[in-house]
Each structure stands twice: as C-alpha cells, then as structure tokens.
>>> print(open('start03.txt').read())   # compact mmCIF, C-alpha atoms
# COMPACT_ATOMS: atom_id res chain seq x y z
CA MET A 927 0.00 0.00 0.00
CA ASN A 928 1.41 3.40 -0.87
CA GLU A 929 2.04 6.21 1.63
CA ARG A 930 -0.90 8.32 0.45
CA LYS A 931 -3.39 5.49 0.87
CA ILE A 932 -2.11 4.71 4.38
CA TRP A 933 -2.58 8.31 5.50
CA ASP A 934 -6.02 8.58 3.85
CA ARG A 935 -7.17 5.50 5.73
CA TYR A 936 -5.70 6.79 8.97
CA LEU A 937 -7.43 10.16 8.60
CA VAL A 938 -10.77 8.50 7.80
CA VAL A 939 -10.53 6.39 10.99
CA MET A 940 -9.62 9.49 13.02
CA LEU A 941 -12.56 11.47 11.61
CA GLY A 942 -14.87 8.52 12.25
CA VAL A 943 -13.68 8.32 15.86
CA LEU A 944 -14.22 12.05 16.31
CA CYS A 945 -17.80 11.79 14.96
CA LEU A 946 -18.50 8.76 17.18
CA PHE A 947 -17.10 10.53 20.24
CA THR A 948 -19.15 13.70 19.58
CA LEU A 949 -22.30 11.62 19.06
CA ALA A 950 -21.74 9.63 22.28
CA LEU A 951 -21.01 12.82 24.22
CA ALA A 952 -24.12 14.57 22.84
CA THR A 953 -26.26 11.51 23.75
CA PHE A 954 -24.82 11.51 27.27
CA LEU A 955 -25.42 15.26 27.76
CA LYS A 956 -29.00 15.08 26.40
CA MET A 957 -30.15 11.93 28.17
CA ASP A 958 -28.18 11.97 31.42
CA ARG A 959 -30.56 14.25 33.34
CA HIS A 960 -33.74 12.42 32.34
CA MET A 961 -32.59 8.88 33.09
CA PRO A 962 -32.87 7.07 36.41
CA GLU A 963 -29.80 5.60 38.13
CA GLY A 964 -28.96 2.20 36.69
CA ILE A 965 -26.87 0.15 34.30
CA VAL A 966 -28.22 1.87 31.14
CA ARG A 967 -27.34 5.32 32.48
CA THR A 968 -23.85 4.10 33.41
CA MET A 969 -23.41 2.64 29.91
CA ILE A 970 -24.37 5.98 28.32
CA LEU A 971 -21.94 7.69 30.71
CA VAL A 972 -19.12 5.39 29.60
CA SER A 973 -19.99 5.46 25.87
CA PRO A 974 -17.75 8.49 24.99
CA LEU A 975 -14.80 6.58 26.45
CA VAL A 976 -15.65 3.51 24.36
CA ALA A 977 -15.40 5.73 21.28
CA LEU A 978 -11.74 6.24 22.17
CA LEU A 979 -11.00 2.53 21.64
CA PRO A 980 -10.96 2.74 17.79
CA PHE A 981 -8.74 5.80 18.22
CA MET A 982 -6.21 3.76 20.21
CA TRP A 983 -6.49 0.96 17.65
CA ALA A 984 -5.78 3.38 14.77
CA VAL A 985 -2.73 4.82 16.55
CA VAL A 986 -1.33 1.36 17.32
CA ARG A 987 -1.81 0.31 13.66
CA GLU A 988 -0.09 3.47 12.46
CA VAL A 989 2.88 2.93 14.76
CA ARG A 990 3.24 -0.70 13.67
CA ARG A 991 2.83 0.02 9.96
CA ASP A 992 5.84 2.19 9.30
CA GLU A 993 9.47 1.70 10.29
CA VAL A 994 9.98 5.47 10.36
CA LEU A 995 7.40 5.66 13.10
CA HIS A 996 9.25 3.14 15.24
CA THR A 997 10.67 5.88 17.47
CA ARG A 998 7.14 7.05 18.14
CA LYS A 999 6.64 3.80 20.05
CA ILE A 1000 8.62 5.44 22.83
CA TRP A 1001 6.13 8.29 22.96
CA PHE A 1002 3.22 5.89 22.70
CA ARG A 1003 4.52 3.92 25.68
CA TYR A 1004 5.00 7.17 27.60
CA ILE A 1005 1.42 8.30 26.87
CA ALA A 1006 0.12 4.88 27.93
CA GLU A 1007 2.07 4.95 31.22
CA LEU A 1008 1.11 8.55 31.91
CA SER A 1009 -2.57 7.93 31.16
CA ALA A 1010 -2.61 4.90 33.47
CA ALA A 1011 -0.94 6.93 36.25
CA PHE A 1012 -3.46 9.77 35.77
CA LEU A 1013 -6.35 7.31 35.85
CA ILE A 1014 -5.13 5.79 39.15
CA TYR A 1015 -4.60 9.30 40.50
CA ALA A 1016 -8.15 10.33 39.54
CA VAL A 1017 -9.61 7.22 41.20
CA VAL A 1018 -7.60 7.68 44.44
CA LEU A 1019 -8.38 11.42 44.51
CA THR A 1020 -12.11 10.80 44.08
CA ILE A 1021 -12.10 8.19 46.87
CA SER A 1022 -10.06 10.39 49.23
CA LEU A 1023 -12.34 13.40 48.63
CA GLU A 1024 -15.41 11.23 49.27
CA VAL A 1025 -14.04 9.48 52.37
CA GLY A 1026 -11.73 12.13 53.88
CA PRO A 1027 -13.83 15.24 54.69
CA PRO A 1028 -16.48 13.50 56.85
CA MET A 1029 -13.79 11.81 59.00
CA SER A 1030 -12.93 13.20 62.43
CA LYS A 1031 -9.71 15.23 62.76
CA GLY A 1032 -6.62 13.13 63.28
CA ILE A 1033 -3.78 11.26 61.67
CA MET A 1034 -6.12 8.96 59.69
CA LYS A 1035 -7.93 11.89 58.06
CA THR A 1036 -4.61 13.47 57.10
CA LEU A 1037 -3.35 10.17 55.66
CA VAL A 1038 -6.53 9.66 53.62
CA LEU A 1039 -6.40 13.23 52.26
CA VAL A 1040 -2.70 12.92 51.43
CA SER A 1041 -3.10 9.49 49.77
CA PRO A 1042 -3.39 10.94 46.18
CA THR A 1043 0.31 11.82 46.47
CA LEU A 1044 1.21 8.15 45.97
CA PRO A 1045 -0.34 7.85 42.48
CA PHE A 1046 1.05 11.31 41.78
CA LEU A 1047 4.52 9.83 42.31
CA LEU A 1048 3.60 7.31 39.58
CA ILE A 1049 3.17 10.26 37.20
CA VAL A 1050 6.62 11.56 38.15
CA TRP A 1051 8.00 8.03 37.67
CA ALA A 1052 6.45 7.83 34.17
CA VAL A 1053 8.15 11.13 33.24
CA ALA A 1054 11.49 9.91 34.69
CA ARG A 1055 11.23 6.66 32.66
CA GLN A 1056 10.58 8.67 29.51
CA PHE A 1057 13.70 10.72 30.22
CA ARG A 1058 15.79 7.56 30.34
CA ARG A 1059 14.36 6.38 26.99
CA MET A 1060 15.05 9.65 25.14
CA ASP A 1061 18.18 10.24 23.08
CA GLU A 1062 20.78 12.77 24.26
CA TYR A 1063 19.55 15.69 22.15
CA VAL A 1064 15.86 15.39 23.09
CA ARG A 1065 16.86 14.93 26.76
CA LEU A 1066 18.90 18.16 26.68
CA MET A 1067 16.03 20.04 25.02
CA ALA A 1068 13.55 18.75 27.62
CA LEU A 1069 15.91 19.61 30.48
CA GLU A 1070 16.37 23.15 29.12
CA SER A 1071 12.59 23.59 28.91
CA ILE A 1072 12.12 22.34 32.49
CA ALA A 1073 14.94 24.62 33.71
CA ILE A 1074 13.29 27.66 32.05
CA ALA A 1075 9.92 26.68 33.56
CA PHE A 1076 11.67 26.32 36.93
CA GLY A 1077 13.12 29.85 36.58
CA VAL A 1078 9.71 31.26 35.64
CA THR A 1079 8.13 29.54 38.68
CA ALA A 1080 10.86 30.86 40.97
CA GLY A 1081 10.27 34.37 39.64
CA TRP A 1082 6.51 34.00 40.10
CA VAL A 1083 6.68 32.74 43.71
CA VAL A 1084 9.04 35.57 44.69
CA THR A 1085 6.79 38.15 42.99
CA TYR A 1086 3.69 36.78 44.68
CA GLY A 1087 5.55 36.72 48.00
CA PHE A 1088 5.95 40.50 47.64
CA MET A 1089 2.31 40.81 46.61
CA GLU A 1090 1.34 39.06 49.86
CA ASN A 1091 3.20 41.80 51.72
CA ALA A 1092 1.09 44.32 49.80
CA GLY A 1093 -2.11 42.65 51.03
CA TYR A 1094 -2.85 39.93 48.50
CA PRO A 1095 -4.28 36.69 49.99
CA ARG A 1096 -2.18 33.56 50.60
CA LEU A 1097 -2.74 31.03 47.82
CA SER A 1098 -2.86 27.25 47.97
CA MET A 1099 0.40 25.40 47.30
CA PHE A 1100 -1.40 23.69 44.43
CA ASN A 1101 -0.88 26.93 42.45
CA VAL A 1102 2.90 26.36 42.38
CA TRP A 1103 2.38 23.08 40.54
CA MET A 1104 -0.09 24.73 38.14
CA VAL A 1105 2.31 27.59 37.35
CA MET A 1106 5.23 25.20 36.84
CA MET A 1107 3.31 22.91 34.46
CA SER A 1108 1.76 25.84 32.55
CA ALA A 1109 5.19 27.46 32.17
CA TRP A 1110 6.64 24.14 30.94
CA ALA A 1111 3.84 23.75 28.38
CA VAL A 1112 4.22 27.34 27.15
CA VAL A 1113 8.02 27.01 26.88
CA VAL A 1114 7.72 23.74 24.90
CA MET A 1115 5.12 25.28 22.57
CA VAL A 1116 7.09 28.48 22.01
CA ARG A 1117 10.30 26.53 21.33
CA GLY A 1118 8.37 24.21 18.99
CA ILE A 1119 6.94 27.15 17.04
CA ALA A 1120 10.32 28.91 16.98
CA GLY A 1121 11.82 25.65 15.64
CA ARG A 1122 14.60 25.41 18.19
CA MET B 439 38.89 31.89 31.55
CA ASN B 440 39.76 28.76 33.56
CA LYS B 441 37.34 26.74 35.68
CA ASP B 442 38.48 28.05 39.08
CA LYS B 443 38.32 31.67 37.97
CA ILE B 444 34.79 31.17 36.59
CA THR B 445 33.62 29.60 39.88
CA THR B 446 35.25 32.31 42.03
CA LEU B 447 33.75 35.08 39.90
CA TYR B 448 30.33 33.42 40.06
CA ARG B 449 30.46 33.09 43.84
CA LEU B 450 31.52 36.71 44.26
CA GLU B 451 28.81 37.98 41.90
CA LEU B 452 26.16 35.82 43.58
CA LEU B 453 27.21 36.90 47.08
CA GLY B 454 27.17 40.56 46.00
CA SER B 455 23.71 40.28 44.43
CA LEU B 456 22.44 38.37 47.51
CA LEU B 457 23.69 41.11 49.86
CA PHE B 458 22.13 43.73 47.58
CA TYR B 459 18.87 41.77 47.65
CA PHE B 460 18.77 41.59 51.45
CA LEU B 461 19.60 45.30 51.69
CA ILE B 462 16.70 46.25 49.39
CA GLN B 463 14.35 43.68 50.98
CA PHE B 464 14.85 44.90 54.56
CA SER B 465 14.79 48.57 53.49
CA SER B 466 11.50 48.11 51.62
CA MET B 467 9.98 46.23 54.59
CA ALA B 468 10.98 49.06 56.91
CA ILE B 469 9.71 51.81 54.59
CA GLU B 470 6.42 50.31 53.33
CA ARG B 471 4.87 50.02 56.82
CA ALA B 472 4.93 53.77 57.24
CA MET B 473 3.56 54.52 53.77
CA PRO B 474 -0.12 55.04 52.83
CA GLU B 475 -1.86 52.70 50.37
CA GLY B 476 -1.11 53.60 46.73
CA ILE B 477 1.17 53.17 43.77
CA GLY B 478 4.21 54.39 45.73
CA ARG B 479 3.80 51.71 48.39
CA THR B 480 3.27 49.00 45.76
CA LEU B 481 6.47 50.07 44.00
CA VAL B 482 8.39 49.93 47.27
CA VAL B 483 6.94 46.47 48.02
CA PHE B 484 8.00 45.23 44.57
CA SER B 485 11.44 46.88 44.63
CA PRO B 486 13.28 43.66 45.78
CA MET B 487 12.41 42.23 42.36
CA ALA B 488 15.28 44.31 40.89
CA PRO B 489 18.08 42.58 42.87
CA PHE B 490 16.28 39.27 42.35
CA LEU B 491 16.49 39.79 38.58
CA LEU B 492 20.15 40.65 39.09
CA MET B 493 20.62 37.25 40.79
CA ILE B 494 18.97 35.51 37.83
CA GLY B 495 21.32 37.47 35.57
CA VAL B 496 24.34 36.26 37.59
CA VAL B 497 23.22 32.63 37.29
CA ALA B 498 22.57 33.08 33.54
CA ARG B 499 26.07 34.56 33.10
CA TYR B 500 27.61 31.60 34.93
CA PHE B 501 25.56 29.22 32.81
CA GLY B 502 26.92 30.87 29.66
CA ARG B 503 30.55 30.59 30.84
CA VAL B 504 30.73 26.93 31.92
CA ASP B 505 31.53 23.96 29.65
CA GLU B 506 29.00 21.51 28.15
CA TYR B 507 29.42 18.86 30.87
CA LEU B 508 28.87 21.24 33.77
CA ARG B 509 25.95 22.85 31.94
CA LEU B 510 24.27 19.45 31.65
CA LYS B 511 24.90 18.77 35.36
CA ILE B 512 23.34 22.14 36.29
CA LEU B 513 20.34 21.45 34.05
CA GLU B 514 19.88 18.02 35.66
CA ASN B 515 20.06 19.62 39.10
CA TRP B 516 17.40 22.21 38.20
CA GLY B 517 15.20 19.59 36.57
CA MET B 518 15.29 17.40 39.67
CA THR B 519 14.76 20.41 41.92
CA ALA B 520 11.70 21.38 39.87
CA ALA B 521 10.31 17.82 40.16
CA ILE B 522 10.91 17.60 43.93
CA THR B 523 9.44 21.09 44.49
CA GLY B 524 6.42 20.04 42.44
CA VAL B 525 5.90 16.90 44.52
CA LEU B 526 6.38 18.71 47.86
CA THR B 527 4.04 21.61 47.05
CA PHE B 528 1.48 19.24 45.55
CA THR B 529 1.60 17.08 48.69
CA TYR B 530 1.22 20.12 50.92
CA SER B 531 -1.90 21.16 49.00
CA PHE B 532 -3.50 17.94 50.28
CA PHE B 533 -2.36 18.81 53.81
CA GLU B 534 -4.20 22.13 53.35
CA SER B 535 -7.37 20.12 52.67
CA ALA B 536 -6.75 18.36 56.01
CA GLY B 537 -6.71 21.72 57.82
CA PHE B 538 -3.06 22.75 57.70
CA PRO B 539 -2.51 26.52 57.23
CA ARG B 540 -1.77 28.14 53.86
CA LEU B 541 1.89 29.06 53.69
CA SER B 542 3.38 32.18 52.15
CA MET B 543 4.84 31.91 48.64
CA CYS B 544 8.07 33.27 50.19
CA THR B 545 8.64 29.77 51.67
CA ILE B 546 9.01 28.19 48.21
CA MET B 547 12.20 29.95 47.12
CA PRO B 548 14.30 28.90 50.19
CA MET B 549 12.91 25.39 49.76
CA MET B 550 14.00 25.33 46.10
CA GLY B 551 17.44 26.56 47.11
CA ALA B 552 17.74 23.95 49.86
CA VAL B 553 16.67 21.11 47.54
CA SER B 554 19.11 22.26 44.85
CA ALA B 555 21.97 22.50 47.40
CA LEU B 556 21.15 19.04 48.83
CA LEU B 557 21.13 17.53 45.33
CA PHE B 558 24.44 19.20 44.59
CA VAL B 559 26.02 17.83 47.78
CA ALA B 560 24.53 14.37 47.14
CA GLY B 561 25.96 14.45 43.60
CA ARG B 562 29.41 15.41 44.88
CA ILE B 563 29.37 12.63 47.50
CA SER B 564 28.15 9.97 45.06
CA SER B 565 30.77 10.95 42.43
CA ARG B 566 33.68 10.34 44.85
>>> encode(input="start03.txt", output="structure tokens")
Amino acid sequence: MNERKIWDRYLVVMLGVLCLFTLALATFLKMDRHMPEGIVRTMILVSPLVALLPFMWAVVREVRRDEVLHTRKIWFRYIAELSAAFLIYAVVLTISLEVGPPMSKGIMKTLVLVSPTLPFLLIVWAVARQFRRMDEYVRLMALESIAIAFGVTAGWVVTYGFMENAGYPRLSMFNVWMVMMSAWAVVVMVRGIAGR
Amino acid sequence: MNKDKITTLYRLELLGSLLFYFLIQFSSMAIERAMPEGIGRTLVVFSPMAPFLLMIGVVARYFGRVDEYLRLKILENWGMTAAITGVLTFTYSFFESAGFPRLSMCTIMPMMGAVSALLFVAGRISSR
C-alpha cells in the first residue's frame, strides 16, 4: 500500500472516531438528566470513552505500519504509562475526597487526604522513565525547557511573596504546581513554534 | 577563563547580588509600613524584584561561561529540583485540605534553594 493510501485511511478512521465521540457525548449530555440511576445510564456515561477505543487501535496500527514511526513507540509507551498513572490518581483522589472530609480530625484523616500523592509519584516516575528512553539531544532540550519553567516559577513565587506583603491573599500550594506545568507547556510550545 | 576563575567570579557575583537583595528587601519592609496605600507603596513592596532579577542574571552569566558537561549537570540539578518542588508543594496542598494553614509563597524559594543544594552535595558525595 502506498504512503498516500495509508494516511487517507488513517485520517478516515480518526474522523470517524471524532464523529463517534461527539455523538456519544451529545447523547450523554441530552439523556443523562432524564434517566434514572442504573446500568443503562452508566453505559451511556461510559460510551464516549468507548469511542476512544478505535482511536487507540488506529494509533497502534499506524505505529506498527511504518518503520519510520518506530521511534514514536517510545512516545506511545510514555502516553500509555502517563494515562494509566493519571487514571489511578483520579480514582484515588475521588475516593479520598469522598471518604476524607467527613472523617474526624486526626492522623487517619490526614493520611486519607494525602493518599493521592502516591499515584502522583507514579506520574513523576512515568516522566522519569521517559527521560531515560530519550536520546541525548531530546533529553537536553527537555531539560532546558524544564529549567526555564523552573526559573519562571521561581520568579513568580518571589513576585507573589511580595504581593502578599502588599495585602494579596495567601494562595494554595497547588498553584505552584499549576504555574510550573503551565510554564513548561508554554516554553515547549514556544520553542516548537520557533523551531529550536 | 579557567574553571576556578569562573567559579570564584560566580560566587563573588552571587554573594554581592544576595547582599544587595537583602539590603533592598529589609529597606523596603521598613519603609512600606509607614507609607499610605497607593502606587508608591506597591512600587516599594516590589522593589526587591530588581536585585532578584540581578541574581537571575548572575546565574545566567555563569551558565553561559561553563563547559558543556557542567551545563548538563546544572540542568539536571534544576530539573530534579523542579520535580521535587512540584511533589512537595502538591503534597502540601492535600495537607491544606486536612486543615493545615496556607503558607506564604516566600517559603518556596528557600525550599527550592535547599533542595538544589542538597542535590548538589549528594551528587558530589556519590561521584567520589
């Protein structure tokens, strides 16, 4: 099969998946409120996720089809590991937020509320594993981006520290993480656009 | 410029900018309390940003002077510091949900410095 045909087929599958996902999401949004609790409602709730299965299948086929895309397997593995870590994190976070607040004050409540940190470490581990898989050049580029994001975060926390002195409220520590990740994403995007 | 000279110059520049920072910081803290609310007070509160930018400039200058190997080591140190800071602040945000107080953003910078220094020392010990 020639290159053009392979890409045409890939794009058709992707468009099909997008249509299926939109349809499933629209069905869920329209019908969710009117349906009673039960297995059918749960199935409608899960249906947009099922639409992602052909998407995964198409990506796996594309990676396997071409030798040039072999290196993308590394990224595919990374995305798979990261998604699994995020999924575990979401589950643990949901459980801890359900179980934790009604508990009486004490060490157990603190432990339950802190428990999402463990799956969060899985996310960090997935990133660290990806670093080990990368070649030297990509690793240096990624490190430079993280270092710039780190500098931006340092500048932001110092600036906000002064703003606190001027009367601004104390923010949650969660904001540090948000700023760091946003800065990283912006740096990667800007460097990508600039072609460096 | 040789390696020792670069390091000595960096340490001197950093120490100078740090002293300048503390001078401006304590001066602004002493002055702003007596000032009325307004643009003047805000400017005084933000004035320590100038020596802080000077510190960043010193680090950037050092980064430009060192060789490829040392540059990679510094980048690795900053990358790991960023990851550890991320994990620590993220963990503390859950402690906040458990009733712990919200800390000032001023606590992050010394923490970053301490983590970076610890990683540096650990790297030196492990390389022996």
>>> interface_residues(input="start03.txt", of="chain B", to="chain A", cutoff="7 Å", atoms="only C-alpha atoms", output="tab-separated table (two decimals) with C-alpha atoms, keeping the file's coordinate frame")
chain	number	residue	atom	x	y	z
B	480	THR	CA	3.27	49.00	45.76
B	483	VAL	CA	6.94	46.47	48.02
B	484	PHE	CA	8.00	45.23	44.57
B	487	MET	CA	12.41	42.23	42.36
B	513	LEU	CA	20.34	21.45	34.05
B	514	GLU	CA	19.88	18.02	35.66
B	516	TRP	CA	17.40	22.21	38.20
B	517	GLY	CA	15.20	19.59	36.57
B	520	ALA	CA	11.70	21.38	39.87
B	524	GLY	CA	6.42	20.04	42.44
B	527	THR	CA	4.04	21.61	47.05
B	528	PHE	CA	1.48	19.24	45.55
B	529	THR	CA	1.60	17.08	48.69
B	530	TYR	CA	1.22	20.12	50.92
B	531	SER	CA	-1.90	21.16	49.00
B	532	PHE	CA	-3.50	17.94	50.28
B	533	PHE	CA	-2.36	18.81	53.81
B	535	SER	CA	-7.37	20.12	52.67
B	536	ALA	CA	-6.75	18.36	56.01
B	540	ARG	CA	-1.77	28.14	53.86
B	541	LEU	CA	1.89	29.06	53.69
B	542	SER	CA	3.38	32.18	52.15
B	543	MET	CA	4.84	31.91	48.64
B	544	CYS	CA	8.07	33.27	50.19
B	546	ILE	CA	9.01	28.19	48.21
B	547	MET	CA	12.20	29.95	47.12
>>> residues_around(input="start03.txt", residues="B:Leu481", least_positions_apart="4", cutoff="10 Å", atoms="all atoms listed in the file", output="PyMOL selection string")
(chain A and resi 1092) or (chain B and resi 466+470+476-477+485-487)
>>> closest_residue(input="start03.txt", among="A:Val976, A:His960, A:Glu1007, A:Tyr936", to="A:Thr948", atoms="all atoms listed in the file")
A:Val976
>>> residues_around(input="start03.txt", residues="B:Ile522", least_positions_apart="4", cutoff="8 Å", atoms="only C-alpha atoms", output="PDB file with C-alpha atoms, keeping the file's coordinate frame")
ATOM      1  CA  MET B 518      15.290  17.400  39.670  1.00  0.00           C
ATOM      2  CA  LEU B 526       6.380  18.710  47.860  1.00  0.00           C
ATOM      3  CA  VAL B 553      16.670  21.110  47.540  1.00  0.00           C
TER       4      VAL B 553
END
>>> residues_around(input="start03.txt", residues="B:Val504", least_positions_apart="6", cutoff="9 Å", atoms="only C-alpha atoms", output="MDAnalysis selection string")
chainID B and resid 441 444:445
>>> atom_distance(input="start03.txt", atom1="atom CA of A:Ala1011", atom2="atom CA of A:Ala1052")
7.7 Å
>>> atom_distance(input="start03.txt", atom1="atom CA of B:Arg499", atom2="atom CA of A:Ala1109")
22.1 Å
>>> atom_distance(input="start03.txt", atom1="atom CA of A:Leu946", atom2="atom CA of A:Pro980")
9.7 Å
>>> closest_residue(input="start03.txt", among="A:Trp1001, A:Thr953, A:Arg987, A:Glu1062", to="A:Arg967", atoms="all atoms listed in the file")
A:Thr953
>>> build_atoms(input="start03.txt", residues="stretch 518-543 of chain B", atoms="N, CA and C atoms", output="mmCIF file, in the coordinates of the input")
data_model
loop_
_atom_site.group_PDB
_atom_site.id
_atom_site.type_symbol
_atom_site.label_atom_id
_atom_site.label_comp_id
_atom_site.auth_asym_id
_atom_site.auth_seq_id
_atom_site.Cartn_x
_atom_site.Cartn_y
_atom_site.Cartn_z
ATOM 1 N N MET B 518 15.661 18.190 38.493
ATOM 2 C CA MET B 518 15.290 17.400 39.670
ATOM 3 C C MET B 518 14.722 18.276 40.771
ATOM 4 N N THR B 519 15.290 19.476 40.916
ATOM 5 C CA THR B 519 14.760 20.410 41.920
ATOM 6 C C THR B 519 13.313 20.784 41.588
ATOM 7 N N ALA B 520 13.055 21.042 40.301
ATOM 8 C CA ALA B 520 11.700 21.380 39.870
ATOM 9 C C ALA B 520 10.741 20.234 40.188
ATOM 10 N N ALA B 521 11.178 18.988 39.908
ATOM 11 C CA ALA B 521 10.310 17.820 40.160
ATOM 12 C C ALA B 521 10.044 17.657 41.647
ATOM 13 N N ILE B 522 11.096 17.778 42.473
ATOM 14 C CA ILE B 522 10.910 17.600 43.930
ATOM 15 C C ILE B 522 10.043 18.730 44.501
ATOM 16 N N THR B 523 10.277 19.967 44.033
ATOM 17 C CA THR B 523 9.440 21.090 44.490
ATOM 18 C C THR B 523 7.981 20.837 44.113
ATOM 19 N N GLY B 524 7.770 20.356 42.889
ATOM 20 C CA GLY B 524 6.420 20.040 42.440
ATOM 21 C C GLY B 524 5.756 19.027 43.345
ATOM 22 N N VAL B 525 6.466 17.956 43.667
ATOM 23 C CA VAL B 525 5.900 16.900 44.520
ATOM 24 C C VAL B 525 5.616 17.442 45.924
ATOM 25 N N LEU B 526 6.559 18.205 46.493
ATOM 26 C CA LEU B 526 6.380 18.710 47.860
ATOM 27 C C LEU B 526 5.203 19.691 47.964
ATOM 28 N N THR B 527 5.137 20.634 46.996
ATOM 29 C CA THR B 527 4.040 21.610 47.050
ATOM 30 C C THR B 527 2.690 20.941 46.787
ATOM 31 N N PHE B 528 2.712 19.975 45.865
ATOM 32 C CA PHE B 528 1.480 19.240 45.550
ATOM 33 C C PHE B 528 1.004 18.457 46.769
ATOM 34 N N THR B 529 1.951 17.828 47.480
ATOM 35 C CA THR B 529 1.600 17.080 48.690
ATOM 36 C C THR B 529 1.048 18.031 49.751
ATOM 37 N N TYR B 530 1.688 19.188 49.893
ATOM 38 C CA TYR B 530 1.220 20.120 50.920
ATOM 39 C C TYR B 530 -0.193 20.632 50.623
ATOM 40 N N SER B 531 -0.542 20.705 49.325
ATOM 41 C CA SER B 531 -1.900 21.160 49.000
ATOM 42 C C SER B 531 -2.945 20.199 49.558
ATOM 43 N N PHE B 532 -2.589 18.906 49.659
ATOM 44 C CA PHE B 532 -3.500 17.940 50.280
ATOM 45 C C PHE B 532 -3.534 18.131 51.793
ATOM 46 N N PHE B 533 -2.392 18.502 52.375
ATOM 47 C CA PHE B 533 -2.360 18.810 53.810
ATOM 48 C C PHE B 533 -3.277 19.998 54.114
ATOM 49 N N GLU B 534 -3.319 20.967 53.174
ATOM 50 C CA GLU B 534 -4.200 22.130 53.350
ATOM 51 C C GLU B 534 -5.658 21.683 53.436
ATOM 52 N N SER B 535 -6.006 20.653 52.606
ATOM 53 C CA SER B 535 -7.370 20.120 52.670
ATOM 54 C C SER B 535 -7.644 19.502 54.029
ATOM 55 N N ALA B 536 -6.582 19.002 54.696
ATOM 56 C CA ALA B 536 -6.750 18.360 56.010
ATOM 57 C C ALA B 536 -6.743 19.396 57.140
ATOM 58 N N GLY B 537 -6.618 20.683 56.807
ATOM 59 C CA GLY B 537 -6.710 21.720 57.820
ATOM 60 C C GLY B 537 -5.409 22.437 58.136
ATOM 61 N N PHE B 538 -4.336 22.064 57.465
ATOM 62 C CA PHE B 538 -3.060 22.750 57.700
ATOM 63 C C PHE B 538 -3.147 24.175 57.125
ATOM 64 N N PRO B 539 -2.389 25.134 57.704
ATOM 65 C CA PRO B 539 -2.510 26.520 57.230
ATOM 66 C C PRO B 539 -1.884 26.744 55.846
ATOM 67 N N ARG B 540 -2.369 27.761 55.153
ATOM 68 C CA ARG B 540 -1.770 28.140 53.860
ATOM 69 C C ARG B 540 -0.459 28.874 54.135
ATOM 70 N N LEU B 541 0.580 28.440 53.475
ATOM 71 C CA LEU B 541 1.890 29.060 53.690
ATOM 72 C C LEU B 541 2.116 30.188 52.695
ATOM 73 N N SER B 542 3.037 31.069 53.050
ATOM 74 C CA SER B 542 3.380 32.180 52.150
ATOM 75 C C SER B 542 4.193 31.650 50.967
ATOM 76 N N MET B 543 4.058 32.304 49.824
ATOM 77 C CA MET B 543 4.840 31.910 48.640
ATOM 78 C C MET B 543 6.337 32.152 48.862
#
